[in-house]
>>> print(open('coords_1.cif').read())   # mmCIF, N, CA and C atoms
data_target
#
loop_
_atom_site.label_atom_id
_atom_site.label_comp_id
_atom_site.auth_asym_id
_atom_site.auth_seq_id
_atom_site.Cartn_x
_atom_site.Cartn_y
_atom_site.Cartn_z
N MET G 1439 0.82 -1.18 0.00
CA MET G 1439 0.00 0.00 0.00
C MET G 1439 0.87 1.25 0.00
N SER G 1440 1.98 1.24 0.73
CA SER G 1440 2.82 2.43 0.79
C SER G 1440 3.45 2.71 -0.57
N GLU G 1441 3.73 1.67 -1.39
CA GLU G 1441 4.27 1.88 -2.73
C GLU G 1441 3.26 2.60 -3.61
N GLU G 1442 2.00 2.18 -3.53
CA GLU G 1442 0.95 2.83 -4.32
C GLU G 1442 0.80 4.29 -3.92
N LEU G 1443 0.87 4.54 -2.64
CA LEU G 1443 0.74 5.90 -2.13
C LEU G 1443 1.91 6.76 -2.61
N ASN G 1444 3.12 6.20 -2.58
CA ASN G 1444 4.29 6.94 -3.04
C ASN G 1444 4.19 7.26 -4.53
N GLU G 1445 3.68 6.30 -5.35
CA GLU G 1445 3.51 6.55 -6.78
C GLU G 1445 2.52 7.68 -7.02
N MET G 1446 1.42 7.68 -6.26
CA MET G 1446 0.43 8.75 -6.41
C MET G 1446 1.02 10.09 -6.00
N MET G 1447 1.81 10.12 -4.95
CA MET G 1447 2.38 11.36 -4.45
C MET G 1447 3.43 11.93 -5.41
N GLU G 1448 4.18 11.03 -6.11
CA GLU G 1448 5.19 11.50 -7.06
C GLU G 1448 4.54 12.29 -8.19
N GLY G 1449 3.40 11.82 -8.65
CA GLY G 1449 2.72 12.50 -9.73
C GLY G 1449 2.22 13.88 -9.35
N VAL G 1450 2.03 14.12 -8.06
CA VAL G 1450 1.52 15.40 -7.59
C VAL G 1450 2.67 16.33 -7.22
N GLY G 1451 3.89 15.79 -7.12
CA GLY G 1451 5.02 16.63 -6.82
C GLY G 1451 5.53 16.51 -5.39
N PHE G 1452 5.05 15.53 -4.65
CA PHE G 1452 5.53 15.33 -3.28
C PHE G 1452 6.69 14.35 -3.29
N ASP G 1453 7.60 14.52 -2.36
CA ASP G 1453 8.72 13.59 -2.22
C ASP G 1453 8.21 12.29 -1.60
N GLU G 1454 9.02 11.26 -1.75
CA GLU G 1454 8.67 9.94 -1.21
C GLU G 1454 8.75 9.94 0.31
N TYR G 1455 7.84 9.28 0.94
CA TYR G 1455 7.86 9.13 2.40
C TYR G 1455 7.34 7.76 2.75
N GLU G 1456 7.65 7.32 3.94
CA GLU G 1456 7.24 5.99 4.37
C GLU G 1456 5.97 6.07 5.20
N VAL G 1457 5.13 5.09 4.98
CA VAL G 1457 3.90 4.97 5.75
C VAL G 1457 4.04 3.72 6.59
N GLU G 1458 3.94 3.90 7.87
CA GLU G 1458 4.02 2.75 8.77
C GLU G 1458 2.64 2.17 8.94
N GLU G 1459 2.52 0.89 8.68
CA GLU G 1459 1.24 0.22 8.87
C GLU G 1459 1.26 -0.48 10.22
N THR G 1460 0.34 -0.11 11.07
CA THR G 1460 0.24 -0.73 12.39
C THR G 1460 -1.15 -1.27 12.57
N GLU G 1461 -1.24 -2.33 13.32
CA GLU G 1461 -2.55 -2.88 13.63
C GLU G 1461 -3.10 -2.17 14.85
N THR G 1462 -4.33 -1.74 14.72
CA THR G 1462 -4.96 -1.07 15.85
C THR G 1462 -5.92 -2.03 16.52
N GLU G 1463 -5.94 -1.97 17.82
CA GLU G 1463 -6.82 -2.83 18.59
C GLU G 1463 -8.08 -2.05 18.90
N GLU G 1464 -9.21 -2.67 18.65
CA GLU G 1464 -10.49 -2.03 18.92
C GLU G 1464 -10.67 -1.86 20.42
N PRO G 1465 -11.08 -0.67 20.88
CA PRO G 1465 -11.30 -0.50 22.32
C PRO G 1465 -12.53 -1.28 22.77
N ASP G 1466 -12.47 -1.75 23.97
CA ASP G 1466 -13.59 -2.49 24.54
C ASP G 1466 -14.59 -1.50 25.10
N CYS G 1467 -15.70 -1.31 24.38
CA CYS G 1467 -16.70 -0.32 24.78
C CYS G 1467 -17.78 -0.90 25.67
N GLU G 1468 -17.84 -2.21 25.75
CA GLU G 1468 -18.88 -2.84 26.55
C GLU G 1468 -18.54 -2.75 28.04
N PRO G 1469 -19.49 -2.36 28.87
CA PRO G 1469 -19.22 -2.35 30.30
C PRO G 1469 -19.09 -3.77 30.82
N SER G 1470 -18.32 -3.93 31.86
CA SER G 1470 -18.17 -5.26 32.44
C SER G 1470 -19.49 -5.71 33.04
N GLU G 1471 -19.78 -6.96 32.91
CA GLU G 1471 -21.03 -7.51 33.41
C GLU G 1471 -20.83 -8.15 34.77
N ASN G 1472 -20.08 -7.49 35.62
CA ASN G 1472 -19.84 -7.98 36.96
C ASN G 1472 -21.15 -7.89 37.74
N ALA G 1473 -21.60 -8.99 38.30
CA ALA G 1473 -22.87 -9.03 39.01
C ALA G 1473 -22.91 -8.06 40.18
N GLU G 1474 -21.77 -7.89 40.83
CA GLU G 1474 -21.70 -6.97 41.97
C GLU G 1474 -21.90 -5.52 41.52
N ASP G 1475 -21.30 -5.15 40.38
CA ASP G 1475 -21.47 -3.80 39.84
C ASP G 1475 -22.91 -3.54 39.45
N VAL G 1476 -23.53 -4.52 38.80
CA VAL G 1476 -24.93 -4.37 38.37
C VAL G 1476 -25.83 -4.24 39.59
N SER G 1477 -25.59 -5.06 40.60
CA SER G 1477 -26.40 -5.02 41.81
C SER G 1477 -26.25 -3.67 42.52
N ARG G 1478 -25.05 -3.17 42.59
CA ARG G 1478 -24.80 -1.87 43.23
C ARG G 1478 -25.49 -0.74 42.46
N MET G 1479 -25.43 -0.82 41.14
CA MET G 1479 -26.08 0.19 40.31
C MET G 1479 -27.60 0.11 40.47
N ASP G 1480 -28.14 -1.11 40.51
CA ASP G 1480 -29.58 -1.30 40.73
C ASP G 1480 -30.01 -0.65 42.05
N GLU G 1481 -29.25 -0.91 43.10
CA GLU G 1481 -29.58 -0.36 44.42
C GLU G 1481 -29.51 1.16 44.42
N SER G 1482 -28.50 1.71 43.80
CA SER G 1482 -28.34 3.17 43.78
C SER G 1482 -29.49 3.84 43.04
N LEU G 1483 -29.85 3.30 41.87
CA LEU G 1483 -30.92 3.93 41.09
C LEU G 1483 -32.29 3.73 41.72
N THR G 1484 -32.52 2.56 42.32
CA THR G 1484 -33.81 2.38 42.99
C THR G 1484 -33.93 3.29 44.20
N ALA G 1485 -32.83 3.51 44.91
CA ALA G 1485 -32.85 4.44 46.05
C ALA G 1485 -33.13 5.86 45.57
N LEU G 1486 -32.55 6.23 44.43
CA LEU G 1486 -32.78 7.55 43.86
C LEU G 1486 -34.25 7.73 43.48
N VAL G 1487 -34.80 6.75 42.78
CA VAL G 1487 -36.21 6.83 42.36
C VAL G 1487 -37.12 6.82 43.58
N ARG G 1488 -36.81 6.00 44.58
CA ARG G 1488 -37.63 5.96 45.80
C ARG G 1488 -37.63 7.31 46.51
N LEU G 1489 -36.47 7.95 46.59
CA LEU G 1489 -36.37 9.26 47.24
C LEU G 1489 -37.21 10.30 46.51
N ILE G 1490 -37.11 10.32 45.20
CA ILE G 1490 -37.89 11.29 44.42
C ILE G 1490 -39.38 11.03 44.58
N ALA G 1491 -39.78 9.76 44.41
CA ALA G 1491 -41.21 9.41 44.48
C ALA G 1491 -41.78 9.65 45.88
N ALA G 1492 -41.01 9.34 46.92
CA ALA G 1492 -41.50 9.51 48.30
C ALA G 1492 -41.79 10.97 48.61
N ASN G 1493 -41.06 11.87 47.98
CA ASN G 1493 -41.29 13.29 48.21
C ASN G 1493 -42.44 13.85 47.38
N LEU G 1494 -42.95 13.07 46.45
CA LEU G 1494 -44.05 13.52 45.62
C LEU G 1494 -45.41 13.01 46.09
N VAL G 1495 -45.45 11.80 46.64
CA VAL G 1495 -46.72 11.14 46.93
C VAL G 1495 -47.16 11.36 48.38
N ASP G 1496 -48.46 11.07 48.63
CA ASP G 1496 -49.01 11.15 49.98
C ASP G 1496 -48.79 9.86 50.76
N ASN G 1497 -48.68 8.74 50.05
CA ASN G 1497 -48.52 7.44 50.69
C ASN G 1497 -47.17 6.82 50.30
N PRO G 1498 -46.07 7.27 50.90
CA PRO G 1498 -44.76 6.74 50.51
C PRO G 1498 -44.56 5.26 50.89
N ASP G 1499 -45.38 4.75 51.81
CA ASP G 1499 -45.27 3.34 52.19
C ASP G 1499 -45.73 2.40 51.09
N GLU G 1500 -46.52 2.92 50.15
CA GLU G 1500 -47.06 2.08 49.08
C GLU G 1500 -46.19 2.09 47.82
N ILE G 1501 -45.03 2.67 47.89
CA ILE G 1501 -44.12 2.69 46.74
C ILE G 1501 -43.47 1.32 46.61
N LYS G 1502 -43.54 0.76 45.41
CA LYS G 1502 -42.88 -0.52 45.13
C LYS G 1502 -41.96 -0.32 43.93
N LEU G 1503 -40.75 -0.80 44.06
CA LEU G 1503 -39.77 -0.72 42.98
C LEU G 1503 -39.25 -2.11 42.66
N GLU G 1504 -39.17 -2.40 41.38
CA GLU G 1504 -38.66 -3.69 40.94
C GLU G 1504 -37.76 -3.46 39.73
N VAL G 1505 -36.63 -4.13 39.69
CA VAL G 1505 -35.69 -4.00 38.57
C VAL G 1505 -35.73 -5.30 37.78
N LYS G 1506 -35.94 -5.17 36.46
CA LYS G 1506 -35.98 -6.33 35.58
C LYS G 1506 -34.99 -6.14 34.44
N GLN G 1507 -34.55 -7.25 33.89
CA GLN G 1507 -33.65 -7.21 32.75
C GLN G 1507 -34.48 -7.17 31.48
N GLY G 1508 -34.28 -6.14 30.68
CA GLY G 1508 -34.95 -6.03 29.39
C GLY G 1508 -34.07 -6.62 28.30
N GLU G 1509 -34.48 -6.40 27.05
CA GLU G 1509 -33.71 -6.90 25.93
C GLU G 1509 -32.34 -6.25 25.84
N ARG G 1510 -32.32 -4.91 25.89
CA ARG G 1510 -31.06 -4.18 25.77
C ARG G 1510 -30.75 -3.33 26.99
N ASN G 1511 -31.62 -3.30 27.96
CA ASN G 1511 -31.43 -2.42 29.11
C ASN G 1511 -32.06 -3.03 30.35
N ARG G 1512 -31.92 -2.35 31.45
CA ARG G 1512 -32.55 -2.76 32.70
C ARG G 1512 -33.75 -1.84 32.91
N ILE G 1513 -34.83 -2.39 33.40
CA ILE G 1513 -36.07 -1.65 33.57
C ILE G 1513 -36.38 -1.52 35.05
N ILE G 1514 -36.59 -0.28 35.50
CA ILE G 1514 -37.02 -0.03 36.87
C ILE G 1514 -38.52 0.23 36.81
N GLU G 1515 -39.28 -0.63 37.47
CA GLU G 1515 -40.73 -0.47 37.50
C GLU G 1515 -41.13 0.19 38.81
N LEU G 1516 -41.75 1.34 38.70
CA LEU G 1516 -42.22 2.10 39.86
C LEU G 1516 -43.73 1.95 39.96
N THR G 1517 -44.18 1.48 41.10
CA THR G 1517 -45.62 1.33 41.34
C THR G 1517 -45.98 2.16 42.56
N VAL G 1518 -47.00 3.00 42.41
CA VAL G 1518 -47.51 3.81 43.52
C VAL G 1518 -49.01 3.56 43.65
N SER G 1519 -49.60 4.05 44.72
CA SER G 1519 -51.04 3.86 44.89
C SER G 1519 -51.78 4.62 43.79
N PRO G 1520 -52.96 4.14 43.43
CA PRO G 1520 -53.72 4.82 42.37
C PRO G 1520 -54.01 6.29 42.67
N ASP G 1521 -54.16 6.63 43.95
CA ASP G 1521 -54.43 8.02 44.32
C ASP G 1521 -53.23 8.93 44.04
N ASP G 1522 -52.04 8.37 44.09
CA ASP G 1522 -50.82 9.15 43.90
C ASP G 1522 -50.28 9.13 42.47
N MET G 1523 -50.92 8.39 41.59
CA MET G 1523 -50.43 8.24 40.23
C MET G 1523 -50.31 9.60 39.52
N GLY G 1524 -51.28 10.44 39.69
CA GLY G 1524 -51.25 11.76 39.05
C GLY G 1524 -50.12 12.63 39.54
N LYS G 1525 -49.75 12.48 40.80
CA LYS G 1525 -48.66 13.28 41.37
C LYS G 1525 -47.30 12.85 40.80
N VAL G 1526 -47.16 11.57 40.50
CA VAL G 1526 -45.90 11.08 39.96
C VAL G 1526 -45.80 11.38 38.46
N ILE G 1527 -46.93 11.35 37.77
CA ILE G 1527 -46.92 11.62 36.34
C ILE G 1527 -46.87 13.13 36.07
N GLY G 1528 -47.66 13.89 36.80
CA GLY G 1528 -47.67 15.35 36.63
C GLY G 1528 -48.49 15.79 35.43
N LYS G 1529 -48.65 17.09 35.30
CA LYS G 1529 -49.40 17.64 34.17
C LYS G 1529 -48.66 17.37 32.88
N GLN G 1530 -49.37 16.76 31.95
CA GLN G 1530 -48.83 16.41 30.63
C GLN G 1530 -47.58 15.54 30.73
N GLY G 1531 -47.43 14.82 31.84
CA GLY G 1531 -46.32 13.89 32.02
C GLY G 1531 -44.98 14.54 32.29
N ARG G 1532 -45.00 15.79 32.70
CA ARG G 1532 -43.74 16.52 32.90
C ARG G 1532 -42.90 15.96 34.05
N ILE G 1533 -43.53 15.59 35.15
CA ILE G 1533 -42.78 15.06 36.29
C ILE G 1533 -42.20 13.69 35.93
N ALA G 1534 -43.00 12.86 35.28
CA ALA G 1534 -42.51 11.54 34.86
C ALA G 1534 -41.33 11.69 33.91
N LYS G 1535 -41.43 12.62 33.00
CA LYS G 1535 -40.33 12.86 32.05
C LYS G 1535 -39.07 13.33 32.78
N ALA G 1536 -39.25 14.18 33.77
CA ALA G 1536 -38.10 14.67 34.54
C ALA G 1536 -37.44 13.55 35.33
N ILE G 1537 -38.24 12.68 35.94
CA ILE G 1537 -37.68 11.55 36.69
C ILE G 1537 -36.93 10.62 35.74
N ARG G 1538 -37.51 10.37 34.57
CA ARG G 1538 -36.84 9.52 33.59
C ARG G 1538 -35.52 10.13 33.13
N SER G 1539 -35.49 11.44 32.99
CA SER G 1539 -34.25 12.12 32.58
C SER G 1539 -33.17 11.95 33.65
N VAL G 1540 -33.56 12.07 34.90
CA VAL G 1540 -32.59 11.89 36.00
C VAL G 1540 -32.07 10.46 36.01
N VAL G 1541 -32.96 9.48 35.84
CA VAL G 1541 -32.56 8.07 35.83
C VAL G 1541 -31.62 7.81 34.66
N LYS G 1542 -31.95 8.36 33.50
CA LYS G 1542 -31.11 8.15 32.32
C LYS G 1542 -29.72 8.75 32.52
N ALA G 1543 -29.67 9.96 33.05
CA ALA G 1543 -28.37 10.62 33.27
C ALA G 1543 -27.54 9.85 34.29
N ALA G 1544 -28.17 9.41 35.36
CA ALA G 1544 -27.45 8.67 36.40
C ALA G 1544 -26.98 7.32 35.88
N SER G 1545 -27.79 6.67 35.08
CA SER G 1545 -27.42 5.34 34.58
C SER G 1545 -26.32 5.42 33.54
N LEU G 1546 -26.35 6.42 32.69
CA LEU G 1546 -25.30 6.55 31.68
C LEU G 1546 -23.97 6.90 32.31
N LYS G 1547 -24.02 7.65 33.40
CA LYS G 1547 -22.78 7.95 34.11
C LYS G 1547 -22.19 6.68 34.70
N GLY G 1548 -23.05 5.75 35.06
CA GLY G 1548 -22.60 4.47 35.59
C GLY G 1548 -22.25 3.46 34.51
N GLY G 1549 -22.45 3.80 33.25
CA GLY G 1549 -22.06 2.92 32.15
C GLY G 1549 -23.10 1.90 31.75
N ARG G 1550 -24.30 2.03 32.21
CA ARG G 1550 -25.37 1.11 31.85
C ARG G 1550 -26.58 1.92 31.39
N HIS G 1551 -27.56 1.22 30.84
CA HIS G 1551 -28.76 1.91 30.37
C HIS G 1551 -29.97 1.40 31.15
N TYR G 1552 -30.61 2.29 31.86
CA TYR G 1552 -31.81 1.96 32.64
C TYR G 1552 -32.97 2.77 32.10
N VAL G 1553 -34.16 2.19 32.21
CA VAL G 1553 -35.39 2.83 31.78
C VAL G 1553 -36.36 2.78 32.95
N LEU G 1554 -37.14 3.85 33.14
CA LEU G 1554 -38.13 3.88 34.22
C LEU G 1554 -39.52 3.68 33.64
N ASP G 1555 -40.24 2.70 34.16
CA ASP G 1555 -41.64 2.48 33.83
C ASP G 1555 -42.47 2.79 35.05
N ILE G 1556 -43.48 3.63 34.88
CA ILE G 1556 -44.37 3.97 35.98
C ILE G 1556 -45.66 3.19 35.78
N MET G 1557 -45.99 2.39 36.79
CA MET G 1557 -47.15 1.52 36.66
C MET G 1557 -48.21 1.89 37.67
#
>>> encode(input="coords_1.cif", output="structure tokens")
Amino acid sequence: MSEELNEMMEGVGFDEYEVEETETEEPDCEPSENAEDVSRMDESLTALVRLIAANLVDNPDEIKLEVKQGERNRIIELTVSPDDMGKVIGKQGRIAKAIRSVVKAASLKGGRHYVLDIM
């Protein structure tokens, strides 16, 4: 390849130079699937969602959180009493969207992808 490049460069008026061909190793972009790391991340995010939800609802004792493995991500399912559902969702879903944004930002910082489902 360097010979072809040198021939092309000669025609344009450049002097000959050497091109070093090196093999590049692809970086490992996948996060480690250490069970302890995943468990710690699950606990941190569920504590975060519980704290936010407890400050919004009238019945914080009825908050239930469950983490499930999805196809490409982990899903945090938030369940509150039917009377408090409107407080967690907010007008036009603004509060729910804000909570999801916080979960997404916190999860990406941790190197994983989490999604919040409000049930």
>>> closest_residue(input="coords_1.cif", among="G:Gln1530, G:Asp1521, G:Ile1537, G:Glu1474", to="Arg1488 of chain G", atoms="only C-alpha atoms")
G:Ile1537
>>> resolve_selection(input="coords_1.cif", expression="the PyMOL selection byres ((chain G and resi 1495-1505) around 6)", output="PDB file with N, CA and C atoms, in the frame of the given file")
ATOM      1  N   ALA G1491     -39.780   9.760  44.410  1.00  0.00           N
ATOM      2  CA  ALA G1491     -41.210   9.410  44.480  1.00  0.00           C
ATOM      3  C   ALA G1491     -41.780   9.650  45.880  1.00  0.00           C
ATOM      4  N   ALA G1492     -41.010   9.340  46.920  1.00  0.00           N
ATOM      5  CA  ALA G1492     -41.500   9.510  48.300  1.00  0.00           C
ATOM      6  C   ALA G1492     -41.790  10.970  48.610  1.00  0.00           C
ATOM      7  N   ASN G1493     -41.060  11.870  47.980  1.00  0.00           N
ATOM      8  CA  ASN G1493     -41.290  13.290  48.210  1.00  0.00           C
ATOM      9  C   ASN G1493     -42.440  13.850  47.380  1.00  0.00           C
ATOM     10  N   LEU G1494     -42.950  13.070  46.450  1.00  0.00           N
ATOM     11  CA  LEU G1494     -44.050  13.520  45.620  1.00  0.00           C
ATOM     12  C   LEU G1494     -45.410  13.010  46.090  1.00  0.00           C
ATOM     13  N   LYS G1506     -35.940  -5.170  36.460  1.00  0.00           N
ATOM     14  CA  LYS G1506     -35.980  -6.330  35.580  1.00  0.00           C
ATOM     15  C   LYS G1506     -34.990  -6.140  34.440  1.00  0.00           C
ATOM     16  N   GLN G1507     -34.550  -7.250  33.890  1.00  0.00           N
ATOM     17  CA  GLN G1507     -33.650  -7.210  32.750  1.00  0.00           C
ATOM     18  C   GLN G1507     -34.480  -7.170  31.480  1.00  0.00           C
ATOM     19  N   ILE G1513     -34.830  -2.390  33.400  1.00  0.00           N
ATOM     20  CA  ILE G1513     -36.070  -1.650  33.570  1.00  0.00           C
ATOM     21  C   ILE G1513     -36.380  -1.520  35.050  1.00  0.00           C
ATOM     22  N   ILE G1514     -36.590  -0.280  35.500  1.00  0.00           N
ATOM     23  CA  ILE G1514     -37.020  -0.030  36.870  1.00  0.00           C
ATOM     24  C   ILE G1514     -38.520   0.230  36.810  1.00  0.00           C
ATOM     25  N   GLU G1515     -39.280  -0.630  37.470  1.00  0.00           N
ATOM     26  CA  GLU G1515     -40.730  -0.470  37.500  1.00  0.00           C
ATOM     27  C   GLU G1515     -41.130   0.190  38.810  1.00  0.00           C
ATOM     28  N   LEU G1516     -41.750   1.340  38.700  1.00  0.00           N
ATOM     29  CA  LEU G1516     -42.220   2.100  39.860  1.00  0.00           C
ATOM     30  C   LEU G1516     -43.730   1.950  39.960  1.00  0.00           C
ATOM     31  N   THR G1517     -44.180   1.480  41.100  1.00  0.00           N
ATOM     32  CA  THR G1517     -45.620   1.330  41.340  1.00  0.00           C
ATOM     33  C   THR G1517     -45.980   2.160  42.560  1.00  0.00           C
ATOM     34  N   VAL G1518     -47.000   3.000  42.410  1.00  0.00           N
ATOM     35  CA  VAL G1518     -47.510   3.810  43.520  1.00  0.00           C
ATOM     36  C   VAL G1518     -49.010   3.560  43.650  1.00  0.00           C
ATOM     37  N   SER G1519     -49.600   4.050  44.720  1.00  0.00           N
ATOM     38  CA  SER G1519     -51.040   3.860  44.890  1.00  0.00           C
ATOM     39  C   SER G1519     -51.780   4.620  43.790  1.00  0.00           C
ATOM     40  N   ASP G1522     -52.040   8.370  44.090  1.00  0.00           N
ATOM     41  CA  ASP G1522     -50.820   9.150  43.900  1.00  0.00           C
ATOM     42  C   ASP G1522     -50.280   9.130  42.470  1.00  0.00           C
TER      43      ASP G1522
END
>>> atom_distance(input="coords_1.cif", atom1="atom N of Ala1544 of chain G", atom2="atom C of Lys1529 of chain G")
22.1 Å
>>> resolve_selection(input="coords_1.cif", expression="the PyMOL selection byres ((chain G and resi 1511) around 7)", output="PyMOL selection string")
chain G and resi 1506-1510+1512-1513+1550-1553
>>> closest_residue(input="coords_1.cif", among="G:Glu1481, G:Asp1475, G:Leu1554, G:Met1523", to="Lys1542 of chain G", atoms="only C-alpha atoms")
G:Leu1554
>>> atom_distance(input="coords_1.cif", atom1="atom CA of Ala1473 of chain G", atom2="atom CA of Asp1555 of chain G")
22.6 Å
>>> atom_distance(input="coords_1.cif", atom1="atom CA of Ile1533 of chain G", atom2="atom CA of Leu1486 of chain G")
14.6 Å
>>> axis_aligned_box(input="coords_1.cif", around="segment 1521-1532 of chain G", padding_each_side="6 Å", output="JSON")
{"center_x": -48.7, "center_y": 12.1, "center_z": 37.5, "size_x": 23.5, "size_y": 23.0, "size_z": 25.7}
